[in-house]
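**Student:** What follows is query_19.cif, made up of mmCIF, C-alpha atoms:
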data_my_file
loop_
_atom_site.label_atom_id
_atom_site.label_comp_id
_atom_site.auth_asym_id
_atom_site.auth_seq_id
_atom_site.Cartn_x
_atom_site.Cartn_y
_atom_site.Cartn_z
CA MET X 565 -17.53 3.24 -31.10
CA LYS X 566 -14.09 3.27 -29.49
CA GLU X 567 -13.15 -0.15 -28.10
CA LYS X 568 -10.43 0.98 -25.72
CA PHE X 569 -10.46 3.50 -22.89
CA LEU X 570 -6.88 4.53 -22.16
CA THR X 571 -5.77 6.15 -18.91
CA LEU X 572 -2.37 7.76 -18.40
CA ALA X 573 -1.58 7.62 -14.68
CA ILE X 574 1.04 9.51 -12.66
CA GLU X 575 2.34 8.69 -9.17
CA SER X 576 4.80 10.90 -7.25
CA SER X 577 3.70 10.74 -3.61
CA CYS X 578 7.13 9.86 -2.20
CA ASP X 579 10.41 8.93 -3.91
CA GLU X 580 9.26 7.09 -7.04
CA THR X 581 8.41 8.95 -10.22
CA ALA X 582 5.99 6.62 -11.97
CA ALA X 583 3.74 6.65 -15.02
CA ALA X 584 1.55 3.97 -16.57
CA VAL X 585 -0.98 3.45 -19.33
CA LEU X 586 -4.00 1.25 -18.72
CA ASN X 587 -6.83 0.04 -20.91
CA GLY X 588 -9.93 0.15 -18.74
CA GLY X 589 -9.35 -0.46 -15.07
CA ARG X 590 -7.36 -3.69 -15.21
CA GLN X 591 -5.21 -4.08 -18.33
CA VAL X 592 -1.73 -2.60 -17.89
CA LEU X 593 -0.08 -1.56 -21.15
CA SER X 594 2.96 0.01 -19.50
CA ASN X 595 4.13 0.66 -15.94
CA ILE X 596 7.32 2.73 -15.60
CA ILE X 597 8.99 3.45 -12.25
CA SER X 598 12.03 5.64 -11.69
CA SER X 599 13.22 4.92 -8.14
CA GLN X 600 15.26 7.26 -5.95
CA ILE X 601 16.26 4.65 -3.34
CA ALA X 602 19.96 4.83 -4.19
CA ILE X 603 19.91 8.62 -3.71
CA HIS X 604 18.10 8.65 -0.35
CA GLU X 605 19.89 5.60 1.05
CA ALA X 606 22.91 7.78 1.82
CA TYR X 607 20.73 9.97 4.07
CA GLY X 608 19.05 7.11 5.93
CA GLY X 609 15.60 8.06 4.62
CA VAL X 610 13.72 10.14 2.07
CA VAL X 611 14.77 13.79 1.93
CA PRO X 612 11.62 15.65 0.74
CA GLU X 613 13.43 18.48 -1.06
CA ILE X 614 15.65 16.09 -3.00
CA ALA X 615 12.64 13.91 -3.85
CA SER X 616 10.77 16.90 -5.27
CA ARG X 617 13.71 17.99 -7.43
CA LYS X 618 14.18 14.49 -8.84
CA HIS X 619 10.46 14.29 -9.67
CA LEU X 620 10.82 17.54 -11.58
CA GLU X 621 13.73 16.12 -13.56
CA ASN X 622 12.17 12.71 -14.20
CA MET X 623 8.51 13.46 -14.86
CA ASN X 624 8.47 14.17 -18.60
CA PRO X 625 10.93 11.38 -19.55
CA VAL X 626 9.05 8.81 -17.44
CA VAL X 627 5.66 9.81 -18.90
CA GLN X 628 7.02 9.67 -22.44
CA ARG X 629 8.52 6.25 -21.80
CA ALA X 630 5.14 5.01 -20.52
CA LEU X 631 3.46 6.21 -23.71
CA ASP X 632 6.17 4.68 -25.90
CA GLU X 633 6.12 1.31 -24.16
CA ALA X 634 2.33 1.19 -24.45
CA GLY X 635 2.59 2.02 -28.15
CA VAL X 636 0.27 5.02 -27.90
CA THR X 637 0.38 8.79 -28.36
CA TRP X 638 -1.27 11.66 -26.53
CA ASP X 639 -4.11 11.57 -29.08
CA ASP X 640 -5.02 8.08 -27.82
CA ILE X 641 -5.32 9.05 -24.13
CA ASP X 642 -8.88 9.38 -22.79
CA LEU X 643 -8.12 10.19 -19.14
CA ILE X 644 -5.28 11.37 -16.93
CA GLY X 645 -5.17 10.10 -13.36
CA VAL X 646 -2.77 11.45 -10.74
CA THR X 647 -2.09 10.87 -7.06
CA ASN X 648 -3.06 14.03 -5.17
CA GLY X 649 -2.55 12.73 -1.63
CA PRO X 650 -1.56 11.60 0.89
CA GLY X 651 2.21 11.88 0.70
CA LEU X 652 5.08 14.36 0.69
CA ILE X 653 3.48 17.64 -0.31
CA GLY X 654 6.35 18.85 -2.49
CA ALA X 655 6.49 15.54 -4.35
CA LEU X 656 2.73 15.48 -4.83
CA VAL X 657 2.67 19.04 -6.18
CA ILE X 658 5.07 18.08 -8.99
CA GLY X 659 2.84 15.20 -10.12
CA VAL X 660 -0.38 17.19 -9.87
CA ALA X 661 1.10 20.19 -11.72
CA ALA X 662 2.36 17.94 -14.51
CA ALA X 663 -1.00 16.17 -14.82
CA LYS X 664 -2.86 19.48 -14.98
CA GLY X 665 -0.49 20.71 -17.65
CA TYR X 666 -0.97 17.58 -19.75
CA SER X 667 -4.72 17.80 -19.25
CA LEU X 668 -4.91 21.43 -20.32
CA ALA X 669 -2.58 21.02 -23.29
CA GLY X 670 -4.36 17.97 -24.64
CA ASN X 671 -7.91 18.79 -23.50
CA ILE X 672 -7.96 15.46 -21.66
CA PRO X 673 -10.17 14.83 -18.58
CA LEU X 674 -8.31 14.78 -15.27
CA VAL X 675 -8.96 12.78 -12.08
CA GLY X 676 -7.19 13.05 -8.71
CA VAL X 677 -6.65 9.78 -6.87
CA ASN X 678 -6.20 9.00 -3.19
CA HIS X 679 -2.95 7.04 -2.96
CA MET X 680 -4.50 4.48 -0.62
CA TYR X 681 -7.36 3.79 -3.05
CA GLY X 682 -4.57 3.13 -5.53
CA HIS X 683 -2.99 0.49 -3.29
CA VAL X 684 -6.34 -1.28 -2.91
CA SER X 685 -6.85 -1.12 -6.67
CA SER X 686 -3.59 -2.97 -7.32
CA ASN X 687 -5.58 -6.12 -6.64
CA PHE X 688 -8.04 -5.34 -9.45
CA ILE X 689 -5.08 -5.62 -11.80
CA THR X 690 -3.72 -8.84 -10.28
CA TYR X 691 -7.16 -10.47 -9.99
CA THR X 692 -9.32 -9.54 -12.96
CA ASP X 693 -12.39 -11.22 -11.45
CA LEU X 694 -12.16 -9.53 -8.03
CA GLU X 695 -15.14 -7.31 -7.27
CA PRO X 696 -16.14 -5.35 -4.14
CA PRO X 697 -17.29 -5.69 -1.43
CA PHE X 698 -14.39 -7.17 0.54
CA LEU X 699 -12.13 -6.56 3.52
CA CYS X 700 -8.64 -5.24 2.89
CA LEU X 701 -5.53 -5.01 5.06
CA VAL X 702 -3.62 -1.90 3.93
CA VAL X 703 -0.01 -1.94 5.17
CA SER X 704 2.53 0.65 4.06
CA GLY X 705 5.08 3.15 5.26
CA GLY X 706 2.39 5.62 6.27
CA HIS X 707 -0.70 3.47 6.83
CA THR X 708 -1.86 0.41 8.71
CA ASN X 709 -5.59 -0.06 8.23
CA ILE X 710 -8.25 -2.70 8.02
CA VAL X 711 -10.91 -1.35 5.69
CA GLU X 712 -14.17 -2.46 4.15
CA VAL X 713 -14.11 -1.81 0.41
CA GLU X 714 -17.81 -1.28 -0.20
CA ASP X 715 -17.38 -0.48 -3.88
CA TYR X 716 -14.68 0.85 -6.19
CA THR X 717 -15.02 4.39 -4.86
CA LYS X 718 -16.17 3.89 -1.26
CA ILE X 719 -13.98 2.60 1.55
CA LYS X 720 -14.88 2.41 5.25
CA VAL X 721 -12.08 2.29 7.83
CA LEU X 722 -12.63 -0.40 10.49
CA GLY X 723 -9.26 -0.19 12.18
CA SER X 724 -6.13 1.99 11.97
CA THR X 725 -2.84 2.55 13.73
CA ARG X 726 -2.86 4.73 16.80
CA ASP X 727 0.80 5.64 16.45
CA ASP X 728 3.43 4.28 14.05
CA ALA X 729 2.40 2.69 10.77
CA VAL X 730 3.95 -0.74 10.29
CA GLY X 731 6.30 0.42 7.54
CA GLU X 732 7.40 3.33 9.70
CA ALA X 733 8.17 0.91 12.55
CA TYR X 734 10.28 -1.20 10.20
CA ASP X 735 12.30 1.84 9.13
CA LYS X 736 12.89 3.00 12.71
CA VAL X 737 13.97 -0.44 13.91
CA ALA X 738 16.26 -0.81 10.90
CA ARG X 739 18.03 2.40 11.91
CA VAL X 740 18.35 1.20 15.52
CA ILE X 741 20.15 -2.00 14.49
CA GLY X 742 22.26 -0.28 11.84
CA LEU X 743 20.61 -1.51 8.64
CA GLY X 744 19.74 1.86 7.17
CA TYR X 745 17.13 2.68 4.53
CA PRO X 746 14.86 1.20 3.23
CA GLY X 747 14.14 -0.67 6.44
CA GLY X 748 11.39 -3.04 5.35
CA PRO X 749 13.25 -5.09 2.73
CA LYS X 750 16.47 -5.10 4.77
CA ILE X 751 14.81 -6.42 7.93
CA ASP X 752 12.87 -9.00 5.90
CA LYS X 753 16.11 -10.25 4.37
CA LEU X 754 18.11 -10.29 7.62
CA ALA X 755 15.30 -11.98 9.57
CA LYS X 756 15.71 -15.08 7.41
CA GLU X 757 19.13 -15.57 9.03
CA GLY X 758 17.82 -15.18 12.58
CA ASN X 759 15.76 -17.15 15.11
CA PRO X 760 12.32 -15.56 15.58
CA GLU X 761 12.01 -17.20 19.01
CA ALA X 762 15.40 -16.12 20.36
CA ILE X 763 14.09 -12.71 21.52
CA HIS X 764 10.46 -12.26 22.45
CA PHE X 765 8.94 -8.86 21.90
CA LYS X 766 5.51 -8.21 23.37
CA ARG X 767 2.55 -8.28 20.97
CA VAL X 768 0.16 -5.36 21.45
CA TYR X 769 -3.47 -6.14 20.61
CA LEU X 770 -5.16 -3.23 22.46
CA GLU X 771 -8.71 -3.54 23.75
CA LYS X 772 -10.84 -6.62 23.18
CA ASP X 773 -12.68 -6.41 19.84
CA SER X 774 -10.59 -3.44 18.67
CA LEU X 775 -9.24 -3.65 15.13
CA ASP X 776 -6.78 -0.80 15.75
CA PHE X 777 -3.00 -1.25 15.80
CA SER X 778 -0.10 0.08 17.86
CA PHE X 779 3.55 -0.45 16.95
CA SER X 780 5.35 2.24 18.94
CA GLY X 781 5.74 -0.12 21.91
CA ILE X 782 7.59 -2.79 19.97
CA LYS X 783 9.84 -0.14 18.43
CA THR X 784 10.72 1.04 21.95
CA ALA X 785 11.22 -2.55 23.11
CA VAL X 786 13.78 -3.14 20.36
CA LEU X 787 15.62 0.06 21.29
CA ASN X 788 15.65 -0.94 24.99
CA HIS X 789 16.94 -4.42 24.14
CA VAL X 790 19.75 -3.05 21.98
CA ASN X 791 20.75 -0.47 24.62
CA SER X 792 20.72 -3.08 27.38
CA GLU X 793 22.93 -5.45 25.41
CA ARG X 794 25.38 -2.69 24.60
CA GLN X 795 25.59 -1.53 28.21
CA ALA X 796 26.24 -5.10 29.30
CA GLY X 797 29.01 -5.40 26.75
CA ARG X 798 27.33 -8.24 24.93
CA GLU X 799 27.39 -8.70 21.17
CA ILE X 800 24.04 -7.98 19.54
CA ASN X 801 22.70 -10.63 17.20
CA THR X 802 20.99 -8.32 14.74
CA ALA X 803 19.53 -11.23 12.78
CA ASP X 804 17.73 -12.48 15.89
CA VAL X 805 16.54 -8.95 16.68
CA ALA X 806 15.19 -8.55 13.16
CA ALA X 807 13.50 -11.96 13.24
CA GLY X 808 11.95 -11.40 16.67
CA PHE X 809 10.71 -7.94 15.76
CA GLN X 810 9.25 -9.10 12.45
CA GLU X 811 7.53 -12.12 14.01
CA ALA X 812 5.84 -9.92 16.61
CA VAL X 813 4.60 -7.45 14.00
CA VAL X 814 3.38 -10.20 11.67
CA ASP X 815 1.58 -11.98 14.51
CA VAL X 816 -0.43 -8.84 15.26
CA LEU X 817 -1.24 -8.12 11.61
CA VAL X 818 -2.38 -11.68 10.95
CA THR X 819 -4.39 -12.03 14.17
CA LYS X 820 -6.23 -8.74 13.63
CA SER X 821 -6.90 -9.54 9.96
CA ILE X 822 -8.40 -12.95 10.71
CA GLU X 823 -10.47 -11.45 13.52
CA ALA X 824 -11.78 -8.80 11.12
CA VAL X 825 -12.77 -11.37 8.49
CA ASN X 826 -14.57 -13.50 11.07
CA LYS X 827 -16.52 -10.50 12.38
CA TYR X 828 -17.32 -9.31 8.87
CA SER X 829 -18.38 -12.78 7.75
CA GLU X 830 -20.67 -13.22 10.74
CA THR X 831 -22.37 -9.90 10.01
CA ASN X 832 -22.76 -10.74 6.32
CA SER X 833 -24.00 -14.24 7.14
CA ASN X 834 -26.79 -12.88 9.32
CA ALA X 835 -27.73 -10.32 6.67
CA ALA X 836 -27.76 -13.01 3.96
CA LYS X 837 -30.04 -15.27 6.01
CA ASN X 838 -32.42 -12.42 6.82
CA ASN X 839 -32.65 -11.39 3.16
CA GLY X 840 -32.63 -14.85 1.60
CA ILE X 841 -29.51 -14.20 -0.48
CA ASP X 842 -26.34 -16.20 -1.07
CA LEU X 843 -23.67 -16.08 1.61
CA PRO X 844 -20.77 -13.84 0.46
CA PRO X 845 -17.31 -15.43 0.31
CA ARG X 846 -14.89 -15.26 3.24
CA ARG X 847 -11.96 -13.38 1.78
CA LEU X 848 -9.12 -11.05 2.68
CA VAL X 849 -7.37 -8.68 0.29
CA VAL X 850 -3.96 -7.20 1.12
CA ALA X 851 -2.41 -4.00 -0.26
CA GLY X 852 0.50 -1.63 0.28
CA GLY X 853 4.27 -1.77 0.28
CA VAL X 854 4.50 -4.08 3.30
CA ALA X 855 2.36 -6.60 1.38
CA ALA X 856 5.67 -7.49 -0.29
CA ASN X 857 7.08 -8.75 3.03
CA SER X 858 7.84 -12.46 2.64
CA ARG X 859 7.04 -13.45 6.23
CA LEU X 860 3.72 -11.60 6.19
CA ARG X 861 2.72 -13.28 2.93
CA GLU X 862 3.70 -16.68 4.31
CA ALA X 863 1.88 -16.23 7.63
CA LEU X 864 -1.28 -14.85 6.01
CA THR X 865 -1.33 -17.75 3.54
CA GLU X 866 -1.06 -20.28 6.37
CA ALA X 867 -3.70 -18.56 8.52
CA CYS X 868 -6.18 -18.12 5.68
CA GLU X 869 -5.82 -21.77 4.63
CA ARG X 870 -6.47 -22.80 8.22
CA GLU X 871 -9.53 -20.54 8.50
CA SER X 872 -10.91 -21.29 5.00
CA ILE X 873 -10.47 -17.69 3.88
CA GLU X 874 -9.70 -16.71 0.28
CA LEU X 875 -6.52 -14.63 0.28
CA TYR X 876 -5.69 -12.05 -2.38
CA LEU X 877 -2.11 -10.78 -2.52
CA PRO X 878 -1.06 -8.29 -5.21
CA GLU X 879 1.84 -9.05 -7.53
CA MET X 880 5.12 -8.06 -5.93
CA LYS X 881 5.71 -5.29 -8.49
CA LEU X 882 2.31 -3.80 -7.62
CA CYS X 883 2.85 -3.73 -3.83
CA THR X 884 5.17 -0.74 -3.72
CA ASP X 885 4.31 2.66 -5.18
CA ASN X 886 3.49 2.50 -8.88
CA ALA X 887 1.28 4.30 -11.37
CA ALA X 888 -0.65 1.28 -12.66
CA MET X 889 -2.61 1.07 -9.42
CA ILE X 890 -3.36 4.81 -9.68
CA GLY X 891 -4.64 4.30 -13.22
CA SER X 892 -7.02 1.57 -12.06
CA ALA X 893 -8.42 3.73 -9.26
CA ALA X 894 -8.70 6.73 -11.60
CA TYR X 895 -10.68 4.75 -14.15
CA TYR X 896 -13.31 3.60 -11.65
CA LYS X 897 -13.55 7.04 -10.03
CA TYR X 898 -14.07 8.68 -13.42
CA GLN X 899 -16.76 6.18 -14.39
CA LYS X 900 -18.77 7.10 -11.30
CA PHE X 901 -18.03 10.78 -10.66
CA GLY X 902 -16.61 12.18 -13.88
CA ALA X 903 -13.60 14.46 -14.14
CA ASP X 904 -12.08 16.92 -11.68
CA ASP X 905 -11.38 20.46 -12.84
CA LEU X 906 -8.07 22.31 -12.92
CA SER X 907 -8.53 23.50 -9.34
CA LEU X 908 -7.41 20.01 -8.28
CA ASP X 909 -4.86 20.38 -5.48
CA ALA X 910 -2.35 18.20 -3.62
CA TYR X 911 -2.78 17.25 0.05
CA ALA X 912 -0.19 15.81 2.41
CA ASP X 913 -3.01 14.34 4.48
CA LEU X 914 -5.95 12.81 2.65
CA SER X 915 -8.26 10.39 4.42
CA PHE X 916 -9.93 7.38 2.86
#
Turn the structure described in the file into structure tokens.
**Tutor:**
Amino acid sequence: MKEKFLTLAIESSCDETAAAVLNGGRQVLSNIISSQIAIHEAYGGVVPEIASRKHLENMNPVVQRALDEAGVTWDDIDLIGVTNGPGLIGALVIGVAAAKGYSLAGNIPLVGVNHMYGHVSSNFITYTDLEPPFLCLVVSGGHTNIVEVEDYTKIKVLGSTRDDAVGEAYDKVARVIGLGYPGGPKIDKLAKEGNPEAIHFKRVYLEKDSLDFSFSGIKTAVLNHVNSERQAGREINTADVAAGFQEAVVDVLVTKSIEAVNKYSETNSNAAKNNGIDLPPRRLVVAGGVAANSRLREALTEACERESIELYLPEMKLCTDNAAMIGSAAYYKYQKFGADDLSLDAYADLSF
């Protein structure tokens, strides 16, 4: 009987061409990422057509490097997993087409993966003993959600953004204060030089008991502040703007996350008592590119320690887009549902 189950995973939802090889759902044998940040930085953001062309150029070399680094050949691969949404449709199509070609040529089962399931699954790699169910804060360029991960292949959305995703807000504010792309890391770095209390931006929590988010207001508030200062002829302290903006965003994310855990724990506590079972742990899992933000990690750590909540943060290299997380999600999906067929398609919008 074969001891290993090897998955080759492909990720191309935005501007990283990535491939990885995993044994099972948690052991990473290789994780290769070819970034396009330097290319798109000149344009102030990702240019979809350029991203697609670079994926086309990079796909085969990146996949081969993943196989080589893992020390395996195509004959060793048991499954191919690929992101088929959400993301930039042209970029996704390149990854899906490549995966289908590899699958057909090698007669290897194929599984399409929701990119957001991939982000959640990054924690299964970082924490080998982590098992569902749990609550997860998913924060990225396109998503801001609080979700209940019921099992490896079933996620229930409890709260989502009503306008801008948090990563999108970071990018827009970065452009306003002249930092350019990518906004998230640049604001995080600059904020360390500023005073988070120098400029107060309003925190938006929406209706009582709502776990939804809204970040368009704070984006507008930053723009209004910058315009007012310019019209008054005053010098803008961009470090203070970055720090104030980031503190407001982090406050909302942390407050909503703790509220969600408390509500979830209360519900589970009542269910446990009624059924005579052990009380499930109070825990919060975080996923997505913004999970790499240093202030968010610091604030969540402090809040969870204060509230006696177990906090799970993915390794920094697994926060941003990568193929290892896709391989983990693909493995668990295949174990439950089997393979997709070659009619697998790419979707710019793909819900949880």
**Student:** Could you check the closest approach to X:Gln628 for each of X:Asn595, X:Leu643, X:Leu701, X:Ala855 and tell me which residue wins, using all atoms listed in the file?
**Tutor:**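 Once distances to X:Gln628 are computed over all atoms listed in the file, the minimum belongs to X:Asn595.
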**Student:** Counting only C-alpha atoms, what is within 10 Å of X:Leu787, bar same-chain residues fewer than 6 positions away, as a list in words?
**Tutor:**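 After dropping sequence-adjacent residues, the list is Lys736, Val737, Arg739, Val740, Ile741 and Gly781 of chain X.
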**Student:** What lies within 12 Å of X:Ser907 using all atoms listed in the file, ignoring chain neighbours under 2 positions off, as a list in words?
**Tutor:** Asn648, Val660, Ala661, Ala663, Lys664, Gly665, Leu668, Leu674, Val675, Gly676, Ala903, Asp904, Asp905, Asp909 and Ala910 of chain X
**Student:** Which residues would end up in the selection if the PyMOL selection byres ((chain X and resi 884-890) around 8) were applied here, given that I need the answer as an NGL selection string?
**Tutor:** :X and (573-575 or 580 or 582-586 or 592 or 594-597 or 645-647 or 677 or 679 or 681-686 or 689 or 852-854 or 856 or 880-883 or 891-894)
**Student:** Please identify all polymer residues lying at most 12 Å from the point (-15.7, -4.1, 19.2) (file coordinates), using all atoms listed in the file, and present the result as a ChimeraX atom specification.
**Tutor:** /X:722-723,770-776,820,823-824,827-828
**Student:** Calculated over all atoms listed in the file, which of the candidates X:His789, X:His764, X:Ala851, X:Gly747 has the smallest distance to X:Pro878?
**Tutor:**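 That would be X:Ala851, the residue with the smallest distance to X:Pro878.
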**Student:** Select, from X:Gly797, X:Ser778, X:Thr784, X:Arg617, the residue with the minimum atom-to-atom distance to X:Val816, counting only C-alpha atoms.
**Tutor:**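 Of the candidates, the smallest distance to X:Val816 is held by X:Ser778.
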**Student:** Find the residues near X:Ala615: any atom within 8 Å, counting only C-alpha atoms, skip ones fewer than 2 places away on the same chain, and give them as an MDAnalysis selection string.
**Tutor:** chainID X and resid 578:579 600 610:613 617:619 655
**Student:** Restricting the calculation to only C-alpha atoms, which member of X:Val813, X:Arg726, X:Val786, X:Asp642 is positioned closest to X:Glu567?
**Tutor:**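 The answer is X:Asp642, which sits nearest to X:Glu567.
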**Student:** Starting from the PyMOL selection byres ((chain X and resi 638) around 12), expand the selection into actual residues of this file and give them as number ranges by chain.
**Tutor:** X: 570-572, 585, 627-628, 630-632, 634-637, 639-644, 666-667, 669-672
**Student:** For the residues in that selection, give me C-alpha atoms as an mmCIF file, in the frame of the given file.
**Tutor:**
data_model
loop_
_atom_site.group_PDB
_atom_site.id
_atom_site.type_symbol
_atom_site.label_atom_id
_atom_site.label_comp_id
_atom_site.auth_asym_id
_atom_site.auth_seq_id
_atom_site.Cartn_x
_atom_site.Cartn_y
_atom_site.Cartn_z
ATOM 1 C CA LEU X 570 -6.880 4.530 -22.160
ATOM 2 C CA THR X 571 -5.770 6.150 -18.910
ATOM 3 C CA LEU X 572 -2.370 7.760 -18.400
ATOM 4 C CA VAL X 585 -0.980 3.450 -19.330
ATOM 5 C CA VAL X 627 5.660 9.810 -18.900
ATOM 6 C CA GLN X 628 7.020 9.670 -22.440
ATOM 7 C CA ALA X 630 5.140 5.010 -20.520
ATOM 8 C CA LEU X 631 3.460 6.210 -23.710
ATOM 9 C CA ASP X 632 6.170 4.680 -25.900
ATOM 10 C CA ALA X 634 2.330 1.190 -24.450
ATOM 11 C CA GLY X 635 2.590 2.020 -28.150
ATOM 12 C CA VAL X 636 0.270 5.020 -27.900
ATOM 13 C CA THR X 637 0.380 8.790 -28.360
ATOM 14 C CA ASP X 639 -4.110 11.570 -29.080
ATOM 15 C CA ASP X 640 -5.020 8.080 -27.820
ATOM 16 C CA ILE X 641 -5.320 9.050 -24.130
ATOM 17 C CA ASP X 642 -8.880 9.380 -22.790
ATOM 18 C CA LEU X 643 -8.120 10.190 -19.140
ATOM 19 C CA ILE X 644 -5.280 11.370 -16.930
ATOM 20 C CA TYR X 666 -0.970 17.580 -19.750
ATOM 21 C CA SER X 667 -4.720 17.800 -19.250
ATOM 22 C CA ALA X 669 -2.580 21.020 -23.290
ATOM 23 C CA GLY X 670 -4.360 17.970 -24.640
ATOM 24 C CA ASN X 671 -7.910 18.790 -23.500
ATOM 25 C CA ILE X 672 -7.960 15.460 -21.660
#
**Student:** Fix up stretch 653-660 of chain X with all heavy atoms, then write it as a PDB file, in the coordinates of the input.
**Tutor:**
ATOM      1  N   ILE X 653       4.205  16.603   0.423  1.00  0.00           N
ATOM      2  CA  ILE X 653       3.480  17.640  -0.310  1.00  0.00           C
ATOM      3  C   ILE X 653       4.273  18.155  -1.511  1.00  0.00           C
ATOM      4  O   ILE X 653       3.712  18.357  -2.598  1.00  0.00           O
ATOM      5  CB  ILE X 653       3.084  18.809   0.629  1.00  0.00           C
ATOM      6  CG1 ILE X 653       2.137  19.778  -0.096  1.00  0.00           C
ATOM      7  CG2 ILE X 653       4.297  19.499   1.194  1.00  0.00           C
ATOM      8  CD1 ILE X 653       0.828  19.151  -0.548  1.00  0.00           C
ATOM      9  N   GLY X 654       5.565  18.365  -1.365  1.00  0.00           N
ATOM     10  CA  GLY X 654       6.350  18.850  -2.490  1.00  0.00           C
ATOM     11  C   GLY X 654       6.389  17.869  -3.640  1.00  0.00           C
ATOM     12  O   GLY X 654       6.333  18.260  -4.814  1.00  0.00           O
ATOM     13  N   ALA X 655       6.476  16.582  -3.314  1.00  0.00           N
ATOM     14  CA  ALA X 655       6.490  15.540  -4.350  1.00  0.00           C
ATOM     15  C   ALA X 655       5.139  15.456  -5.044  1.00  0.00           C
ATOM     16  O   ALA X 655       5.065  15.340  -6.273  1.00  0.00           O
ATOM     17  CB  ALA X 655       6.848  14.200  -3.716  1.00  0.00           C
ATOM     18  N   LEU X 656       4.075  15.533  -4.265  1.00  0.00           N
ATOM     19  CA  LEU X 656       2.730  15.480  -4.830  1.00  0.00           C
ATOM     20  C   LEU X 656       2.464  16.651  -5.773  1.00  0.00           C
ATOM     21  O   LEU X 656       1.842  16.485  -6.831  1.00  0.00           O
ATOM     22  CB  LEU X 656       1.688  15.474  -3.711  1.00  0.00           C
ATOM     23  CG  LEU X 656       1.573  14.205  -2.875  1.00  0.00           C
ATOM     24  CD1 LEU X 656       0.795  14.481  -1.593  1.00  0.00           C
ATOM     25  CD2 LEU X 656       0.885  13.096  -3.665  1.00  0.00           C
ATOM     26  N   VAL X 657       2.908  17.827  -5.376  1.00  0.00           N
ATOM     27  CA  VAL X 657       2.670  19.040  -6.180  1.00  0.00           C
ATOM     28  C   VAL X 657       3.263  18.884  -7.576  1.00  0.00           C
ATOM     29  O   VAL X 657       2.649  19.306  -8.568  1.00  0.00           O
ATOM     30  CB  VAL X 657       3.257  20.277  -5.460  1.00  0.00           C
ATOM     31  CG1 VAL X 657       3.374  21.453  -6.422  1.00  0.00           C
ATOM     32  CG2 VAL X 657       2.388  20.658  -4.276  1.00  0.00           C
ATOM     33  N   ILE X 658       4.441  18.267  -7.674  1.00  0.00           N
ATOM     34  CA  ILE X 658       5.070  18.080  -8.990  1.00  0.00           C
ATOM     35  C   ILE X 658       4.186  17.207  -9.882  1.00  0.00           C
ATOM     36  O   ILE X 658       3.931  17.528 -11.045  1.00  0.00           O
ATOM     37  CB  ILE X 658       6.468  17.440  -8.850  1.00  0.00           C
ATOM     38  CG1 ILE X 658       7.384  18.314  -8.003  1.00  0.00           C
ATOM     39  CG2 ILE X 658       7.067  17.182 -10.231  1.00  0.00           C
ATOM     40  CD1 ILE X 658       7.624  19.693  -8.546  1.00  0.00           C
ATOM     41  N   GLY X 659       3.686  16.101  -9.336  1.00  0.00           N
ATOM     42  CA  GLY X 659       2.840  15.200 -10.120  1.00  0.00           C
ATOM     43  C   GLY X 659       1.533  15.837 -10.526  1.00  0.00           C
ATOM     44  O   GLY X 659       1.100  15.717 -11.680  1.00  0.00           O
ATOM     45  N   VAL X 660       0.907  16.543  -9.577  1.00  0.00           N
ATOM     46  CA  VAL X 660      -0.380  17.190  -9.870  1.00  0.00           C
ATOM     47  C   VAL X 660      -0.204  18.302 -10.900  1.00  0.00           C
ATOM     48  O   VAL X 660      -1.013  18.434 -11.831  1.00  0.00           O
ATOM     49  CB  VAL X 660      -1.023  17.723  -8.576  1.00  0.00           C
ATOM     50  CG1 VAL X 660      -2.238  18.608  -8.894  1.00  0.00           C
ATOM     51  CG2 VAL X 660      -1.444  16.567  -7.670  1.00  0.00           C
TER      52      VAL X 660
END
